[in-house]
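A.B. asks: Structure file model_9.cif (mmCIF, C-alpha atoms and all ligand atoms) right here:
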data_work
#
loop_
_atom_site.group_PDB
_atom_site.id
_atom_site.type_symbol
_atom_site.label_atom_id
_atom_site.label_comp_id
_atom_site.auth_asym_id
_atom_site.auth_seq_id
_atom_site.Cartn_x
_atom_site.Cartn_y
_atom_site.Cartn_z
ATOM 1 C CA MET X 1 -9.993 3.362 -17.612
ATOM 2 C CA PRO X 2 -10.521 -0.277 -16.627
ATOM 3 C CA LYS X 3 -13.124 -2.034 -18.764
ATOM 4 C CA VAL X 4 -12.932 -5.276 -16.821
ATOM 5 C CA ALA X 5 -13.365 -5.817 -13.102
ATOM 6 C CA ILE X 6 -13.038 -8.664 -10.666
ATOM 7 C CA ILE X 7 -15.288 -8.906 -7.624
ATOM 8 C CA GLY X 8 -13.508 -11.245 -5.264
ATOM 9 C CA GLY X 9 -15.644 -13.257 -2.868
ATOM 10 C CA THR X 10 -14.682 -15.554 -0.002
ATOM 11 C CA GLY X 11 -10.979 -16.421 -0.294
ATOM 12 C CA VAL X 12 -10.170 -13.761 -2.913
ATOM 13 C CA TYR X 13 -9.494 -10.675 -0.844
ATOM 14 C CA ASP X 14 -6.637 -8.843 -2.483
ATOM 15 C CA ALA X 15 -5.511 -7.589 -5.847
ATOM 16 C CA ARG X 16 -2.111 -9.262 -5.712
ATOM 17 C CA MET X 17 -2.587 -10.880 -9.128
ATOM 18 C CA LEU X 18 -2.497 -7.392 -10.650
ATOM 19 C CA GLU X 19 0.623 -5.244 -11.219
ATOM 20 C CA ASN X 20 1.247 -1.677 -10.056
ATOM 21 C CA VAL X 21 -1.892 -1.604 -7.980
ATOM 22 C CA THR X 22 -3.386 1.704 -6.941
ATOM 23 C CA LYS X 23 -6.234 1.884 -4.440
ATOM 24 C CA ALA X 24 -9.058 4.386 -4.550
ATOM 25 C CA VAL X 25 -11.910 5.280 -2.254
ATOM 26 C CA VAL X 26 -14.845 5.966 -4.545
ATOM 27 C CA ASP X 27 -17.756 7.998 -3.219
ATOM 28 C CA THR X 28 -21.100 7.148 -4.790
ATOM 29 C CA PRO X 29 -24.698 8.247 -4.123
ATOM 30 C CA TYR X 30 -25.044 4.924 -2.281
ATOM 31 C CA GLY X 31 -21.994 5.150 -0.054
ATOM 32 C CA THR X 32 -18.309 4.421 -0.368
ATOM 33 C CA ALA X 33 -16.594 1.684 -2.360
ATOM 34 C CA TRP X 34 -12.963 0.613 -2.143
ATOM 35 C CA VAL X 35 -11.607 -0.214 -5.582
ATOM 36 C CA ALA X 36 -8.089 -1.290 -6.522
ATOM 37 C CA THR X 37 -6.851 -0.946 -10.093
ATOM 38 C CA GLY X 38 -3.843 -2.617 -11.658
ATOM 39 C CA GLY X 39 -2.417 -4.121 -14.815
ATOM 40 C CA TYR X 40 -2.831 -7.628 -16.125
ATOM 41 C CA GLN X 41 -1.387 -8.736 -19.470
ATOM 42 C CA GLY X 42 -1.560 -5.204 -20.800
ATOM 43 C CA LEU X 43 -5.115 -4.655 -19.590
ATOM 44 C CA GLU X 44 -6.225 -2.295 -16.879
ATOM 45 C CA VAL X 45 -8.334 -4.262 -14.402
ATOM 46 C CA ALA X 46 -10.356 -3.087 -11.392
ATOM 47 C CA PHE X 47 -10.742 -5.172 -8.256
ATOM 48 C CA VAL X 48 -13.263 -5.055 -5.418
ATOM 49 C CA ALA X 49 -13.100 -7.325 -2.371
ATOM 50 C CA ARG X 50 -16.774 -7.986 -1.774
ATOM 51 C CA HIS X 51 -16.426 -8.741 1.923
ATOM 52 C CA GLY X 52 -13.769 -6.110 2.569
ATOM 53 C CA ALA X 53 -10.201 -6.872 3.571
ATOM 54 C CA GLY X 54 -10.090 -9.962 5.791
ATOM 55 C CA HIS X 55 -13.792 -10.819 5.274
ATOM 56 C CA SER X 56 -15.135 -8.156 7.637
ATOM 57 C CA VAL X 57 -18.515 -7.537 5.942
ATOM 58 C CA PRO X 58 -21.199 -10.279 5.983
ATOM 59 C CA PRO X 59 -23.199 -10.982 2.794
ATOM 60 C CA HIS X 60 -26.389 -9.180 3.882
ATOM 61 C CA LEU X 61 -24.456 -6.000 4.735
ATOM 62 C CA VAL X 62 -22.290 -5.724 1.621
ATOM 63 C CA ASN X 63 -22.923 -2.381 -0.080
ATOM 64 C CA TYR X 64 -23.659 -3.940 -3.464
ATOM 65 C CA ARG X 65 -24.980 -0.698 -4.934
ATOM 66 C CA ALA X 66 -21.888 1.318 -4.033
ATOM 67 C CA ASN X 67 -19.602 -1.380 -5.462
ATOM 68 C CA ILE X 68 -21.434 -1.701 -8.778
ATOM 69 C CA TYR X 69 -22.027 2.037 -9.136
ATOM 70 C CA ALA X 70 -18.331 2.735 -8.486
ATOM 71 C CA LEU X 71 -17.214 0.199 -11.102
ATOM 72 C CA SER X 72 -19.686 1.525 -13.643
ATOM 73 C CA SER X 73 -18.626 5.124 -13.034
ATOM 74 C CA MET X 74 -15.000 4.100 -13.633
ATOM 75 C CA GLY X 75 -15.948 2.783 -17.085
ATOM 76 C CA VAL X 76 -16.069 -0.938 -16.279
ATOM 77 C CA GLU X 77 -18.261 -2.888 -18.710
ATOM 78 C CA ARG X 78 -17.537 -6.494 -17.757
ATOM 79 C CA ILE X 79 -17.401 -8.032 -14.288
ATOM 80 C CA ILE X 80 -16.160 -11.475 -13.357
ATOM 81 C CA ALA X 81 -17.173 -12.349 -9.806
ATOM 82 C CA THR X 82 -16.111 -15.248 -7.634
ATOM 83 C CA ALA X 83 -18.327 -16.962 -5.091
ATOM 84 C CA ALA X 84 -18.134 -19.801 -2.602
ATOM 85 C CA VAL X 85 -21.178 -22.056 -2.790
ATOM 86 C CA GLY X 86 -22.669 -25.156 -1.224
ATOM 87 C CA SER X 87 -23.768 -27.907 -3.610
ATOM 88 C CA LEU X 88 -27.268 -29.360 -3.853
ATOM 89 C CA ARG X 89 -26.207 -31.995 -6.384
ATOM 90 C CA GLN X 90 -24.034 -35.043 -5.752
ATOM 91 C CA GLU X 91 -22.235 -34.535 -9.074
ATOM 92 C CA MET X 92 -21.200 -30.974 -8.175
ATOM 93 C CA LYS X 93 -18.484 -31.939 -5.732
ATOM 94 C CA PRO X 94 -16.413 -29.812 -3.343
ATOM 95 C CA GLY X 95 -13.503 -28.432 -5.367
ATOM 96 C CA HIS X 96 -15.583 -28.322 -8.564
ATOM 97 C CA PHE X 97 -16.485 -25.052 -10.277
ATOM 98 C CA VAL X 98 -19.904 -24.057 -11.586
ATOM 99 C CA ILE X 99 -20.400 -21.261 -14.086
ATOM 100 C CA VAL X 100 -23.911 -20.382 -12.994
ATOM 101 C CA ASP X 101 -26.460 -19.199 -15.541
ATOM 102 C CA GLN X 102 -29.644 -18.616 -13.493
ATOM 103 C CA PHE X 103 -30.570 -17.634 -9.971
ATOM 104 C CA LEU X 104 -33.407 -18.112 -7.504
ATOM 105 C CA ASP X 105 -33.675 -15.127 -5.171
ATOM 106 C CA PHE X 106 -34.389 -15.843 -1.497
ATOM 107 C CA THR X 107 -32.856 -12.644 -0.139
ATOM 108 C CA ARG X 108 -35.056 -10.467 2.073
ATOM 109 C CA SER X 109 -33.626 -7.200 3.216
ATOM 110 C CA ARG X 110 -31.197 -5.873 0.624
ATOM 111 C CA PRO X 111 -31.514 -2.723 -1.446
ATOM 112 C CA SER X 112 -31.709 -4.402 -4.833
ATOM 113 C CA THR X 113 -32.186 -1.699 -7.465
ATOM 114 C CA PHE X 114 -30.787 1.648 -8.596
ATOM 115 C CA TYR X 115 -34.266 2.669 -9.742
ATOM 116 C CA GLU X 116 -36.333 3.703 -6.759
ATOM 117 C CA GLY X 117 -38.289 6.491 -8.423
ATOM 118 C CA GLY X 118 -37.286 10.138 -8.159
ATOM 119 C CA GLU X 119 -34.664 11.317 -10.617
ATOM 120 C CA ARG X 120 -33.638 7.838 -11.731
ATOM 121 C CA GLY X 121 -37.227 6.739 -12.301
ATOM 122 C CA VAL X 122 -38.646 3.233 -12.173
ATOM 123 C CA ILE X 123 -37.201 0.483 -14.377
ATOM 124 C CA HIS X 124 -38.232 -3.148 -14.527
ATOM 125 C CA CYS X 125 -35.025 -4.743 -15.691
ATOM 126 C CA ASP X 126 -35.200 -7.896 -17.808
ATOM 127 C CA VAL X 127 -33.273 -10.724 -16.153
ATOM 128 C CA THR X 128 -34.365 -13.598 -18.378
ATOM 129 C CA VAL X 129 -30.644 -14.164 -18.920
ATOM 130 C CA PRO X 130 -29.169 -12.817 -15.670
ATOM 131 C CA TYR X 131 -25.516 -13.755 -16.223
ATOM 132 C CA CYS X 132 -23.495 -12.766 -19.314
ATOM 133 C CA GLU X 133 -23.463 -15.776 -21.627
ATOM 134 C CA GLU X 134 -20.359 -14.629 -23.469
ATOM 135 C CA VAL X 135 -18.190 -14.194 -20.379
ATOM 136 C CA GLY X 136 -19.707 -17.371 -18.902
ATOM 137 C CA ALA X 137 -18.688 -19.397 -21.976
ATOM 138 C CA LEU X 138 -15.183 -17.971 -21.685
ATOM 139 C CA LEU X 139 -14.977 -19.084 -18.039
ATOM 140 C CA VAL X 140 -16.100 -22.598 -18.987
ATOM 141 C CA ASP X 141 -13.558 -22.827 -21.835
ATOM 142 C CA THR X 142 -10.777 -21.484 -19.637
ATOM 143 C CA ALA X 143 -11.426 -24.038 -16.887
ATOM 144 C CA ARG X 144 -11.752 -26.900 -19.387
ATOM 145 C CA GLN X 145 -8.483 -25.990 -21.112
ATOM 146 C CA MET X 146 -6.812 -26.081 -17.713
ATOM 147 C CA GLY X 147 -8.308 -29.500 -16.918
ATOM 148 C CA ILE X 148 -10.159 -28.118 -13.893
ATOM 149 C CA PRO X 149 -13.551 -29.759 -13.146
ATOM 150 C CA VAL X 150 -16.244 -27.316 -14.242
ATOM 151 C CA HIS X 151 -20.015 -27.468 -14.770
ATOM 152 C CA ALA X 152 -21.365 -25.308 -17.579
ATOM 153 C CA GLY X 153 -24.542 -23.792 -16.179
ATOM 154 C CA GLY X 154 -26.335 -24.123 -12.883
ATOM 155 C CA THR X 155 -28.953 -22.331 -10.845
ATOM 156 C CA TYR X 156 -27.617 -20.300 -7.915
ATOM 157 C CA VAL X 157 -29.977 -20.082 -4.958
ATOM 158 C CA CYS X 158 -29.227 -16.856 -3.118
ATOM 159 C CA THR X 159 -30.163 -16.855 0.563
ATOM 160 C CA GLU X 160 -30.130 -13.942 2.973
ATOM 161 C CA GLY X 161 -27.626 -15.535 5.339
ATOM 162 C CA PRO X 162 -25.476 -15.108 7.234
ATOM 163 C CA ARG X 163 -26.584 -18.418 8.695
ATOM 164 C CA PHE X 164 -26.356 -21.579 6.638
ATOM 165 C CA GLU X 165 -29.580 -23.321 5.622
ATOM 166 C CA THR X 166 -31.716 -25.964 7.275
ATOM 167 C CA ALA X 167 -31.880 -29.400 5.677
ATOM 168 C CA ALA X 168 -35.552 -28.709 4.829
ATOM 169 C CA GLU X 169 -34.658 -25.481 3.028
ATOM 170 C CA ILE X 170 -32.037 -27.292 0.979
ATOM 171 C CA ARG X 171 -34.536 -30.055 0.068
ATOM 172 C CA MET X 172 -36.970 -27.341 -1.060
ATOM 173 C CA PHE X 173 -34.310 -25.478 -3.082
ATOM 174 C CA ALA X 174 -33.304 -28.733 -4.798
ATOM 175 C CA GLN X 175 -36.948 -29.442 -5.714
ATOM 176 C CA LEU X 176 -37.269 -25.928 -7.116
ATOM 177 C CA GLY X 177 -34.360 -26.532 -9.457
ATOM 178 C CA GLY X 178 -31.499 -25.003 -7.492
ATOM 179 C CA ASP X 179 -28.042 -26.486 -8.010
ATOM 180 C CA VAL X 180 -25.827 -24.455 -5.689
ATOM 181 C CA VAL X 181 -26.477 -22.153 -2.753
ATOM 182 C CA GLY X 182 -24.699 -18.991 -1.701
ATOM 183 C CA MET X 183 -25.416 -15.574 -0.190
ATOM 184 C CA THR X 184 -24.097 -12.927 -2.562
ATOM 185 C CA SER X 185 -25.053 -13.226 -6.226
ATOM 186 C CA VAL X 186 -28.279 -11.279 -5.690
ATOM 187 C CA PRO X 187 -28.522 -8.311 -5.929
ATOM 188 C CA GLU X 188 -24.955 -7.961 -7.290
ATOM 189 C CA CYS X 189 -25.856 -9.621 -10.586
ATOM 190 C CA VAL X 190 -29.075 -7.615 -10.940
ATOM 191 C CA LEU X 191 -27.417 -4.269 -10.228
ATOM 192 C CA ALA X 192 -24.764 -4.963 -12.863
ATOM 193 C CA ARG X 193 -27.545 -5.812 -15.323
ATOM 194 C CA GLU X 194 -29.335 -2.545 -14.460
ATOM 195 C CA MET X 195 -26.125 -0.702 -15.363
ATOM 196 C CA GLY X 196 -25.840 -2.557 -18.681
ATOM 197 C CA MET X 197 -22.696 -4.347 -17.541
ATOM 198 C CA CYS X 198 -21.744 -7.942 -18.288
ATOM 199 C CA TYR X 199 -21.646 -10.000 -15.115
ATOM 200 C CA ALA X 200 -20.519 -13.611 -14.793
ATOM 201 C CA THR X 201 -19.709 -15.730 -11.768
ATOM 202 C CA VAL X 202 -17.249 -18.496 -11.252
ATOM 203 C CA ALA X 203 -18.696 -20.373 -8.284
ATOM 204 C CA MET X 204 -16.509 -22.714 -6.337
ATOM 205 C CA VAL X 205 -18.159 -25.587 -4.486
ATOM 206 C CA THR X 206 -16.756 -25.584 -0.968
ATOM 207 C CA ASN X 207 -19.175 -28.081 0.591
ATOM 208 C CA TYR X 208 -22.277 -30.166 0.119
ATOM 209 C CA ALA X 209 -25.193 -28.099 1.426
ATOM 210 C CA ALA X 210 -26.975 -28.887 4.709
ATOM 211 C CA GLY X 211 -28.542 -32.326 4.772
ATOM 212 C CA ILE X 212 -26.758 -33.353 1.562
ATOM 213 C CA SER X 213 -23.484 -33.553 3.396
ATOM 214 C CA PRO X 214 -23.271 -36.531 5.783
ATOM 215 C CA THR X 215 -21.344 -34.330 8.229
ATOM 216 C CA LYS X 216 -22.284 -31.135 10.083
ATOM 217 C CA LEU X 217 -21.641 -28.010 8.011
ATOM 218 C CA THR X 218 -19.143 -25.534 9.450
ATOM 219 C CA HIS X 219 -17.697 -22.231 8.329
ATOM 220 C CA THR X 220 -14.250 -23.762 8.852
ATOM 221 C CA GLU X 221 -15.018 -26.482 6.292
ATOM 222 C CA VAL X 222 -15.901 -23.805 3.749
ATOM 223 C CA ILE X 223 -12.668 -21.909 4.453
ATOM 224 C CA ASP X 224 -10.533 -25.093 4.342
ATOM 225 C CA ILE X 225 -11.844 -26.282 0.978
ATOM 226 C CA MET X 226 -11.565 -22.750 -0.312
ATOM 227 C CA ALA X 227 -7.925 -22.582 0.755
ATOM 228 C CA ALA X 228 -7.180 -25.925 -0.888
ATOM 229 C CA ASN X 229 -8.718 -24.901 -4.207
ATOM 230 C CA VAL X 230 -8.227 -21.152 -4.337
ATOM 231 C CA ALA X 231 -5.243 -21.615 -6.651
ATOM 232 C CA ASN X 232 -7.560 -23.171 -9.260
ATOM 233 C CA LEU X 233 -10.095 -20.405 -8.709
ATOM 234 C CA ARG X 234 -7.444 -17.759 -9.376
ATOM 235 C CA ARG X 235 -6.204 -19.671 -12.452
ATOM 236 C CA ILE X 236 -9.677 -19.723 -14.021
ATOM 237 C CA LEU X 237 -10.344 -16.124 -13.038
ATOM 238 C CA MET X 238 -7.116 -14.678 -14.383
ATOM 239 C CA GLY X 239 -7.172 -16.907 -17.479
ATOM 240 C CA ALA X 240 -10.590 -15.478 -18.324
ATOM 241 C CA VAL X 241 -9.605 -11.897 -17.434
ATOM 242 C CA GLY X 242 -6.618 -12.175 -19.800
ATOM 243 C CA ALA X 243 -8.807 -13.531 -22.607
ATOM 244 C CA VAL X 244 -11.936 -11.442 -22.239
ATOM 245 C CA SER X 245 -12.521 -9.192 -25.232
ATOM 246 C CA ALA X 246 -13.254 -5.521 -24.782
ATOM 247 C CA SER X 247 -15.868 -5.598 -27.530
ATOM 248 C CA ARG X 248 -19.090 -7.180 -26.431
ATOM 249 C CA GLY X 249 -21.132 -9.554 -28.568
ATOM 250 C CA CYS X 250 -23.761 -10.143 -25.883
ATOM 251 C CA GLY X 251 -27.012 -8.386 -25.099
ATOM 252 C CA CYS X 252 -26.017 -7.155 -21.641
ATOM 253 C CA ALA X 253 -26.002 -3.475 -22.635
ATOM 254 C CA ASP X 254 -29.477 -3.590 -24.218
ATOM 255 C CA ILE X 255 -31.095 -2.285 -21.040
ATOM 256 C CA LEU X 256 -29.316 1.051 -21.512
ATOM 257 C CA GLU X 257 -31.093 1.645 -24.827
ATOM 258 C CA GLU X 258 -34.388 0.793 -23.202
ATOM 259 C CA ILE X 259 -33.723 3.219 -20.368
ATOM 260 C CA ALA X 260 -32.746 5.950 -22.839
ATOM 261 C CA ARG X 261 -35.925 5.251 -24.838
ATOM 262 C CA LEU X 262 -38.026 5.436 -21.711
ATOM 263 C CA ARG X 263 -36.448 8.756 -20.887
ATOM 264 C CA GLY X 264 -37.230 9.972 -24.371
ATOM 265 C CA GLN X 265 -33.586 10.311 -25.353
ATOM 266 C CA GLU X 266 -31.540 8.974 -28.246
ATOM 267 C CA THR X 267 -28.591 6.733 -27.343
ATOM 268 C CA ASP X 268 -26.334 7.958 -30.107
HETATM 269 N N1 LIG M 301 -24.782 -22.233 1.996
HETATM 270 C C1 LIG M 301 -24.768 -20.900 1.767
HETATM 271 N N2 LIG M 301 -23.670 -20.251 1.388
HETATM 272 C C2 LIG M 301 -22.534 -20.954 1.224
HETATM 273 C C3 LIG M 301 -22.482 -22.336 1.453
HETATM 274 C C4 LIG M 301 -23.662 -23.005 1.864
HETATM 275 O O1 LIG M 301 -23.698 -24.226 2.072
HETATM 276 N N3 LIG M 301 -21.210 -22.730 1.210
HETATM 277 C C5 LIG M 301 -20.525 -21.613 0.835
HETATM 278 N N4 LIG M 301 -21.321 -20.540 0.839
#
So, in terms of structure tokens, how does the structure I just supplied come out?
Ligand code: HPA

C.D. replies:
Amino acid sequence: MPKVAIIGGTGVYDARMLENVTKAVVDTPYGTAWVATGGYQGLEVAFVARHGAGHSVPPHLVNYRANIYALSSMGVERIIATAAVGSLRQEMKPGHFVIVDQFLDFTRSRPSTFYEGGERGVIHCDVTVPYCEEVGALLVDTARQMGIPVHAGGTYVCTEGPRFETAAEIRMFAQLGGDVVGMTSVPECVLAREMGMCYATVAMVTNYAAGISPTKLTHTEVIDIMAANVANLRRILMGAVGAVSASRGCGCADILEEIARLRGQETD
């Protein structure tokens, strides 16, 4: 059973970095997920292409619940996700990487919890620390050892998309403390937290966000920078996947004990 999974965002669509890949269609109570599994340095690793093969699913229509539920049901405990982001800060330049440690949620229409009452009940999940600090530190170390420009920590502003932002929105996000902007980290990060999984993101800056960039922002620009730097993204990702420990020293699973307590059960 894979204990580690990759969720590949823009530019990371296939599991070719893994060996002997098998693909499975996983049915979940939330719909279907497509999960590939393969070997990497002796580890079994699962892979989900967030936007589907060839980027066919926009951010607001990704079935985040099916993806996270499928990975959890396969035994995955730690997820490393990739994301393309726009930068709100001059010092976070296109081609740089940011290991985000907080988010601001500006999504609007996405199912964002597994706990909607009924059998699963109602849970208010703590997201004081939304991203796994242990896996995040590993991503930072991996990038630094490789000499790749990386920022340790940053606040990810998650918008609904699929449009890019107005210059006024970006000015507001910057004033609120946002560092980078993207369209996918929420609810993916939250759903992983609800399942007691570690979740960390390596965000790649593909552009300066609207109004920060002197030029007009285009989807092509995002894809071009992504293509130029995707090799570095894969190096960080696979370096961290190879080094991630199966035993967890973080608090990401604590929620499961709380849920068990709330349900009046013992965890062990
Ligand atoms: N805004 C939102 N999402 C993005 C951007 C952006 O500027 N760049 C890459 N993903």

A.B. asks: Around ligand LIG 301 (chain M), at most 7 Å away and counting only C-alpha atoms and all ligand atoms, which residues are there? Put them as a PyMOL selection string, please.

C.D. replies: chain X and resi 84-87+159+164-165+181-183+206-210+222

A.B. asks: Please enumerate the residues selected by the PyMOL selection byres (((chain X and resi 178) around 10) and not hetatm) when evaluated against the supplied file, formatted as a ChimeraX atom specification.

C.D. replies: /X:87-89,102-104,154-158,170-177,179-181

A.B. asks: What does the PyMOL selection byres (((chain X and resi 250) around 9) and not hetatm) select in this file, as a PyMOL selection string?

C.D. replies: chain X and resi 132-135+198+248-249+251-254

A.B. asks: Let me see the file: selected residues, C-alpha atoms, as a PDB file, keeping the file's coordinate frame.

C.D. replies:
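Final output, result08.pdb:
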ATOM      1  CA  CYS X 132     -23.495 -12.766 -19.314  1.00  0.00           C
ATOM      2  CA  GLU X 133     -23.463 -15.776 -21.627  1.00  0.00           C
ATOM      3  CA  GLU X 134     -20.359 -14.629 -23.469  1.00  0.00           C
ATOM      4  CA  VAL X 135     -18.190 -14.194 -20.379  1.00  0.00           C
ATOM      5  CA  CYS X 198     -21.744  -7.942 -18.288  1.00  0.00           C
ATOM      6  CA  ARG X 248     -19.090  -7.180 -26.431  1.00  0.00           C
ATOM      7  CA  GLY X 249     -21.132  -9.554 -28.568  1.00  0.00           C
ATOM      8  CA  GLY X 251     -27.012  -8.386 -25.099  1.00  0.00           C
ATOM      9  CA  CYS X 252     -26.017  -7.155 -21.641  1.00  0.00           C
ATOM     10  CA  ALA X 253     -26.002  -3.475 -22.635  1.00  0.00           C
ATOM     11  CA  ASP X 254     -29.477  -3.590 -24.218  1.00  0.00           C
TER      12      ASP X 254
END

A.B. asks: Could you name the residues that touch Ile7 (chain X) at 8 Å or less, counting all atoms listed in the file, but leaving out those on the same chain fewer than 4 positions away, as number ranges by chain?

C.D. replies: X: 47-50, 79-82

A.B. asks: Output the residue selection produced by the PyMOL selection byres (((chain X and resi 130) around 10) and not hetatm) on the file above, formatted as a ChimeraX atom specification.

C.D. replies: /X:100-103,125-129,131-133,189-190,192-193,198-200,252

A.B. asks: Need to verify the contact set: region 105-111 of chain X, 10 Å, only C-alpha atoms, exclusion of same-chain residues closer than 4 positions in sequence. Can you return it as a PyMOL selection string?

C.D. replies: chain X and resi 59-65+116+156-161+173+183-187+191

A.B. asks: With C-alpha atoms retained, write the just-selected residues as a PDB file, keeping the file's coordinate frame.

C.D. replies:
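Result file follows (out.pdb):
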ATOM      1  CA  PRO X  59     -23.199 -10.982   2.794  1.00  0.00           C
ATOM      2  CA  HIS X  60     -26.389  -9.180   3.882  1.00  0.00           C
ATOM      3  CA  LEU X  61     -24.456  -6.000   4.735  1.00  0.00           C
ATOM      4  CA  VAL X  62     -22.290  -5.724   1.621  1.00  0.00           C
ATOM      5  CA  ASN X  63     -22.923  -2.381  -0.080  1.00  0.00           C
ATOM      6  CA  TYR X  64     -23.659  -3.940  -3.464  1.00  0.00           C
ATOM      7  CA  ARG X  65     -24.980  -0.698  -4.934  1.00  0.00           C
ATOM      8  CA  GLU X 116     -36.333   3.703  -6.759  1.00  0.00           C
ATOM      9  CA  TYR X 156     -27.617 -20.300  -7.915  1.00  0.00           C
ATOM     10  CA  VAL X 157     -29.977 -20.082  -4.958  1.00  0.00           C
ATOM     11  CA  CYS X 158     -29.227 -16.856  -3.118  1.00  0.00           C
ATOM     12  CA  THR X 159     -30.163 -16.855   0.563  1.00  0.00           C
ATOM     13  CA  GLU X 160     -30.130 -13.942   2.973  1.00  0.00           C
ATOM     14  CA  GLY X 161     -27.626 -15.535   5.339  1.00  0.00           C
ATOM     15  CA  PHE X 173     -34.310 -25.478  -3.082  1.00  0.00           C
ATOM     16  CA  MET X 183     -25.416 -15.574  -0.190  1.00  0.00           C
ATOM     17  CA  THR X 184     -24.097 -12.927  -2.562  1.00  0.00           C
ATOM     18  CA  SER X 185     -25.053 -13.226  -6.226  1.00  0.00           C
ATOM     19  CA  VAL X 186     -28.279 -11.279  -5.690  1.00  0.00           C
ATOM     20  CA  PRO X 187     -28.522  -8.311  -5.929  1.00  0.00           C
ATOM     21  CA  LEU X 191     -27.417  -4.269 -10.228  1.00  0.00           C
TER      22      LEU X 191
END

A.B. asks: Return the padded bounding box of region 21-37 of chain X as JSON: axis-aligned, built from all atoms listed in the file, 8 Å added on each side, with centre and edge lengths in Å to one decimal.

C.D. replies:
{"center_x": -13.5, "center_y": 3.3, "center_z": -5.1, "size_x": 39.2, "size_y": 25.9, "size_z": 26.0}

A.B. asks: Check the smallest atom-to-atom distance from each of X:Ala66, X:Leu43, X:Ala203, X:Ile6 to Pro29 (chain X) using only C-alpha atoms, then report the winner.

C.D. replies: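 The shortest atom-to-atom distance to Pro29 (chain X) comes from X:Ala66.
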
A.B. asks: Which residue, X:Arg261, X:Lys93, X:Arg16, X:Lys3, has the smallest gap to Met204 (chain X) when you use all atoms listed in the file?

C.D. replies: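 Ranking X:Arg261, X:Lys93, X:Arg16, X:Lys3 by distance to Met204 (chain X), first place goes to X:Lys93.
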
A.B. asks: What is the distance between CA of Ala24 (chain X) and CA of Gly52 (chain X), in Å to one decimal?

C.D. replies: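 Between CA of Ala24 (chain X) and CA of Gly52 (chain X) the gap works out to 13.5 Å.
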
A.B. asks: I'd like the contact shell of Ala152 (chain X) - 7 Å cut-off, all atoms listed in the file, skipping same-chain residues fewer than 3 positions apart - returned as a PDB file with C-alpha atoms, keeping the file's coordinate frame.

C.D. replies:
ATOM      1  CA  VAL X  98     -19.904 -24.057 -11.586  1.00  0.00           C
ATOM      2  CA  ILE X  99     -20.400 -21.261 -14.086  1.00  0.00           C
ATOM      3  CA  VAL X 140     -16.100 -22.598 -18.987  1.00  0.00           C
TER       4      VAL X 140
END

A.B. asks: So what do you get for CA of Val205 (chain X) versus CA of Ser56 (chain X), distance-wise?

C.D. replies: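 CA of Val205 (chain X) sits 21.4 Å away from CA of Ser56 (chain X).
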
A.B. asks: Restricting the calculation to all atoms listed in the file, which member of X:Val202, X:Ile212, X:Ala246, X:Leu262 is positioned closest to Gly153 (chain X)?

C.D. replies: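 When distances to Gly153 (chain X) are compared using all atoms listed in the file, the smallest one comes from X:Val202.
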
A.B. asks: Could region 194-202 of chain X be completed with N, CA, C and O atoms and returned as a CSV table (one decimal), keeping the file's coordinate frame?

C.D. replies:
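Output file selection33.csv follows:
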chain,number,residue,atom,x,y,z
X,194,GLU,N,-28.7,-3.9,-14.4
X,194,GLU,CA,-29.3,-2.5,-14.5
X,194,GLU,C,-28.4,-1.5,-15.0
X,194,GLU,O,-28.9,-0.5,-15.6
X,195,MET,N,-27.1,-1.7,-14.8
X,195,MET,CA,-26.1,-0.7,-15.4
X,195,MET,C,-25.7,-1.1,-16.8
X,195,MET,O,-24.7,-0.5,-17.3
X,196,GLY,N,-26.2,-2.1,-17.3
X,196,GLY,CA,-25.8,-2.6,-18.7
X,196,GLY,C,-24.5,-3.2,-18.7
X,196,GLY,O,-23.8,-3.3,-19.8
X,197,MET,N,-24.0,-3.7,-17.6
X,197,MET,CA,-22.7,-4.3,-17.5
X,197,MET,C,-22.8,-5.9,-17.7
X,197,MET,O,-23.8,-6.4,-17.3
X,198,CYS,N,-21.8,-6.5,-18.3
X,198,CYS,CA,-21.7,-7.9,-18.3
X,198,CYS,C,-21.3,-8.4,-16.9
X,198,CYS,O,-20.5,-7.8,-16.3
X,199,TYR,N,-22.0,-9.5,-16.4
X,199,TYR,CA,-21.6,-10.0,-15.1
X,199,TYR,C,-21.7,-11.5,-15.2
X,199,TYR,O,-22.7,-12.1,-15.7
X,200,ALA,N,-20.6,-12.1,-14.8
X,200,ALA,CA,-20.5,-13.6,-14.8
X,200,ALA,C,-19.9,-14.0,-13.5
X,200,ALA,O,-19.1,-13.3,-12.9
X,201,THR,N,-20.2,-15.2,-13.1
X,201,THR,CA,-19.7,-15.7,-11.8
X,201,THR,C,-19.0,-17.1,-11.9
X,201,THR,O,-19.6,-18.0,-12.6
X,202,VAL,N,-17.9,-17.2,-11.4
X,202,VAL,CA,-17.2,-18.5,-11.3
X,202,VAL,C,-17.5,-18.9,-9.8
X,202,VAL,O,-16.9,-18.3,-8.9
